[in-house]
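Here is the structure we will look at, set down as structure tokens.
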Amino acid sequence: MAAARDSRSTKPGDRLERWLRKQYFQPSGLGLVVNPVFIIRRGLFRAIRSLAPKLKGRILDFGCGSKPYRSLFMHADAYIGCDMETTGHNHRRSQIDVFWDGTRLPFADAEFDSVVSFETFEHIFNLEHVLAEIRRVTRPAGYLLVSVPFAWDEHEAPYDFARYTSFGIKHILEVNGYQPVITVKTQTYILALSQLAIAYLMQHVAPKQKALFAVFQGLVIFPMTLFAYGLNAIMPKSDQYYCSNVVLARKKQ
């Protein structure tokens with residue numbers, strides 16, 4: 001239904017809103033101009049895009065929200081979104097197919113070929129229980145593609161419980177029945193620090209009014225982002241500090 005509404009909407013304002021929304025999660029080069037979290041989202045998008053073709057068949061998006069990366073999974077026969085009704089954000093833009101009650105996922109054993117979960121695990125206090133449920137609904141040798149932030153501030157309060165190092169998230173997956181196959185640290189030390197500085201300005205300096213924030217984005221955040229990439233190009237690279245972890249893991253037999 002949502003896709004049908006979008007296809008009928010030809011107003012310039014609506015097209016611009018859709019473009020801006022896409023730039024927020026799947027930023028192109030132009031997204032650098034309009035997206036204040038371009039650095040972290042660009043890293044996530046590129047990592048997820050590189051791994052998405054490995055997932056096929058029936059895919060469950062756990063903690064789906066608005067399904068911002070749905071278009072990347074071109075080999076999916078079905079893409080089902082599952083989320084909780086009460087979270088740290090509203091569901092105005094959400095595309096949830098099934099609500100979860102926090103105990104048992106409403107799906108049969110081995111119903112999905114793969115499960116994806118983006119920027120969700122940090123909001124789960126009982127992660128071992130959730131991983132057991134995800135494992136139950138995944139077929140033997142099925143994939144789990146997950147992303148979690150490493151360098152980011154508290155968000156969606158009070159439902160923000162953890163940050164994971166690359167070693168930490170791999171260990172949690174391994175002891176809960178998954179074998180990590182590919183692990184990606186997104187962005188570099190300099191870019192991660194730059195994104196945190198921009199996030200600070202967004203929260204404590206930037207004006208709250210939408211129009212004034214757009215001006216602040218163009219005059220302050222965009223030049224800072226551009227400078228960060230320029231500095232990153234000439235300075236030694238380090239991934240000891242970074243934005244997010246993206247892990248592709250396989251269910252153990």
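Scheme for the structure tokens: letters A, B, ... for chains in order shown; per-chain residue numbers from 1; ligand numbers from 1 in order shown.
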Go through segment 94-177 of chain A and collect every residue that DSSP, computed from the backbone, puts in helix (DSSP H, G or I); the answer should be as a ChimeraX atom specification. /A:121-123,127-136,166-175
Would you pick out the contacts of segment 17-23 of chain A at 10 Å or less, using only C-alpha atoms, so that residues sharing its chain but fewer than 2 positions from it are not included, and give the list as a PyMOL selection string? chain A and resi 6+11-15+25-35+38+41-42+68-69
Shell of 9 Å around segment 94-110 of chain A, only C-alpha atoms, local chain residues under 5 positions omitted, as a list in words: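 Answer for this query is Ala2, Gly63, Cys64, Gly65, Ser66, Lys67, Ile80, Gly81, Cys82, Asp83, Met84, Glu85, His129, Val130, Glu133, Ile134, Arg135, Arg136, Val137, Thr138, Arg139, Pro140 and Gly142 of chain A.
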Given the selection you just returned, output its residues as a file containing C-alpha atoms, formatted as a compact mmCIF listing (two decimals), in the first residue's frame.
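Saved file result.txt follows:
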# COMPACT_ATOMS: atom_id res chain seq x y z
CA ALA A 2 2.78 2.45 0.91
CA GLY A 63 13.28 -4.27 14.78
CA CYS A 64 12.34 -3.13 11.29
CA GLY A 65 11.05 0.40 11.91
CA SER A 66 10.59 1.95 8.48
CA LYS A 67 12.53 -0.85 6.72
CA ILE A 80 8.69 -9.38 6.77
CA GLY A 81 9.08 -6.58 9.31
CA CYS A 82 8.72 -7.24 13.03
CA ASP A 83 8.95 -4.68 15.83
CA MET A 84 7.67 -3.86 19.29
CA GLU A 85 4.74 -1.52 19.76
CA HIS A 129 16.59 -14.65 24.89
CA VAL A 130 16.04 -12.67 21.70
CA GLU A 133 14.10 -16.80 19.34
CA ILE A 134 15.79 -15.49 16.19
CA ARG A 135 17.71 -18.74 15.93
CA ARG A 136 14.51 -20.77 16.38
CA VAL A 137 12.74 -19.11 13.43
CA THR A 138 15.82 -19.37 11.15
CA ARG A 139 16.39 -22.43 8.98
CA PRO A 140 19.54 -24.56 9.46
CA GLY A 142 20.55 -19.58 7.67
Fewer than 4 positions away in the same chain doesn't count, so skip those; otherwise give me all residues within 10 Å of Asp113 of chain A, counting only C-alpha atoms, as an MDAnalysis selection string. chainID A and resid 55:60 76:78 137:144
Output N, CA and C atoms for every residue in that selection, as an mmCIF file, in the first residue's frame.
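Output file out01.cif follows:
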data_model
loop_
_atom_site.group_PDB
_atom_site.id
_atom_site.type_symbol
_atom_site.label_atom_id
_atom_site.label_comp_id
_atom_site.auth_asym_id
_atom_site.auth_seq_id
_atom_site.Cartn_x
_atom_site.Cartn_y
_atom_site.Cartn_z
ATOM 1 N N LEU A 55 21.900 -12.744 1.039
ATOM 2 C CA LEU A 55 20.673 -13.186 1.687
ATOM 3 C C LEU A 55 19.575 -13.364 0.646
ATOM 4 N N LYS A 56 18.912 -14.527 0.709
ATOM 5 C CA LYS A 56 17.879 -14.864 -0.266
ATOM 6 C C LYS A 56 16.674 -15.480 0.451
ATOM 7 N N GLY A 57 15.602 -15.667 -0.303
ATOM 8 C CA GLY A 57 14.428 -16.352 0.233
ATOM 9 C C GLY A 57 13.596 -15.473 1.138
ATOM 10 N N ARG A 58 13.063 -16.071 2.185
ATOM 11 C CA ARG A 58 12.231 -15.353 3.148
ATOM 12 C C ARG A 58 13.136 -14.690 4.197
ATOM 13 N N ILE A 59 13.010 -13.374 4.319
ATOM 14 C CA ILE A 59 13.856 -12.606 5.226
ATOM 15 C C ILE A 59 12.988 -11.921 6.277
ATOM 16 N N LEU A 60 13.405 -12.042 7.532
ATOM 17 C CA LEU A 60 12.758 -11.339 8.636
ATOM 18 C C LEU A 60 13.623 -10.154 9.032
ATOM 19 N N ALA A 76 15.260 -11.310 -2.101
ATOM 20 C CA ALA A 76 14.273 -11.764 -1.121
ATOM 21 C C ALA A 76 12.967 -12.152 -1.808
ATOM 22 N N ASP A 77 12.449 -13.323 -1.455
ATOM 23 C CA ASP A 77 11.119 -13.719 -1.924
ATOM 24 C C ASP A 77 10.038 -13.062 -1.081
ATOM 25 N N ALA A 78 10.345 -12.838 0.182
ATOM 26 C CA ALA A 78 9.439 -12.143 1.100
ATOM 27 C C ALA A 78 10.301 -11.402 2.108
ATOM 28 N N VAL A 137 13.549 -19.337 14.635
ATOM 29 C CA VAL A 137 12.743 -19.106 13.426
ATOM 30 C C VAL A 137 13.603 -19.108 12.163
ATOM 31 N N THR A 138 14.922 -19.342 12.301
ATOM 32 C CA THR A 138 15.820 -19.373 11.152
ATOM 33 C C THR A 138 16.117 -20.816 10.751
ATOM 34 N N ARG A 139 16.122 -21.082 9.467
ATOM 35 C CA ARG A 139 16.389 -22.432 8.981
ATOM 36 C C ARG A 139 17.835 -22.833 9.283
ATOM 37 N N PRO A 140 18.159 -24.114 9.252
ATOM 38 C CA PRO A 140 19.545 -24.556 9.460
ATOM 39 C C PRO A 140 20.500 -23.891 8.468
ATOM 40 N N ALA A 141 21.613 -23.405 8.978
ATOM 41 C CA ALA A 141 22.643 -22.722 8.186
ATOM 42 C C ALA A 141 22.159 -21.396 7.608
ATOM 43 N N GLY A 142 21.046 -20.872 8.129
ATOM 44 C CA GLY A 142 20.554 -19.579 7.666
ATOM 45 C C GLY A 142 21.429 -18.441 8.167
ATOM 46 N N TYR A 143 21.302 -17.282 7.525
ATOM 47 C CA TYR A 143 22.132 -16.127 7.849
ATOM 48 C C TYR A 143 21.451 -15.192 8.849
ATOM 49 N N LEU A 144 22.289 -14.502 9.621
ATOM 50 C CA LEU A 144 21.876 -13.372 10.445
ATOM 51 C C LEU A 144 22.791 -12.207 10.092
#
Could you work out how far atom CA of Arg46 of chain A lies from atom CA of Met74 of chain A, giving the answer in Å with one decimal?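 So the answer is 15.4 Å.
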With only C-alpha atoms as the counted atoms, please give the residues lying no more than 12 Å from Asp153 of chain A, apart from itself and same-chain residues fewer than 5 positions off, as an MDAnalysis selection string. chainID A and resid 122 160:163 192:193 195:200 202:203 243
DSSP on the backbone: which residues in segment 27-89 of chain A end up as strand (DSSP E or B)? Give the answer as a list of chain:residue names. A:Gly57, A:Arg58, A:Ile59, A:Leu60, A:Asp61, A:Phe62, A:Ala76, A:Asp77, A:Ala78, A:Tyr79, A:Ile80, A:Gly81, A:Cys82, A:Asp83
Atoms kept (C-alpha atoms) for selection, written as a tab-separated table (two decimals), in the first residue's frame:
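The resulting file, selection_23.tsv, is reproduced below:
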chain	number	residue	atom	x	y	z
A	57	GLY	CA	14.43	-16.35	0.23
A	58	ARG	CA	12.23	-15.35	3.15
A	59	ILE	CA	13.86	-12.61	5.23
A	60	LEU	CA	12.76	-11.34	8.64
A	61	ASP	CA	13.68	-7.77	9.58
A	62	PHE	CA	13.75	-7.78	13.39
A	76	ALA	CA	14.27	-11.76	-1.12
A	77	ASP	CA	11.12	-13.72	-1.92
A	78	ALA	CA	9.44	-12.14	1.10
A	79	TYR	CA	10.60	-9.39	3.48
A	80	ILE	CA	8.69	-9.38	6.77
A	81	GLY	CA	9.08	-6.58	9.31
A	82	CYS	CA	8.72	-7.24	13.03
A	83	ASP	CA	8.95	-4.68	15.83
Excluding same-chain residues fewer than 4 positions from Leu226 of chain A, what lies within 10 Å of it counting only C-alpha atoms, as a short mmCIF file (atom, residue, chain, number, x, y, z; two decimals) with C-alpha atoms, in the first residue's frame?
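Resulting contents of around_25.cif:
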data_model
loop_
_atom_site.label_atom_id
_atom_site.label_comp_id
_atom_site.auth_asym_id
_atom_site.auth_seq_id
_atom_site.Cartn_x
_atom_site.Cartn_y
_atom_site.Cartn_z
CA LEU A 32 26.78 14.84 2.34
CA VAL A 33 25.13 18.24 1.79
CA ILE A 39 29.29 9.79 8.15
CA ILE A 221 27.57 20.74 9.45
CA PHE A 222 28.17 20.29 5.73
CA GLY A 230 39.49 15.71 3.65
CA LEU A 231 41.39 15.20 6.89
CA ASN A 232 40.70 11.47 6.77
#
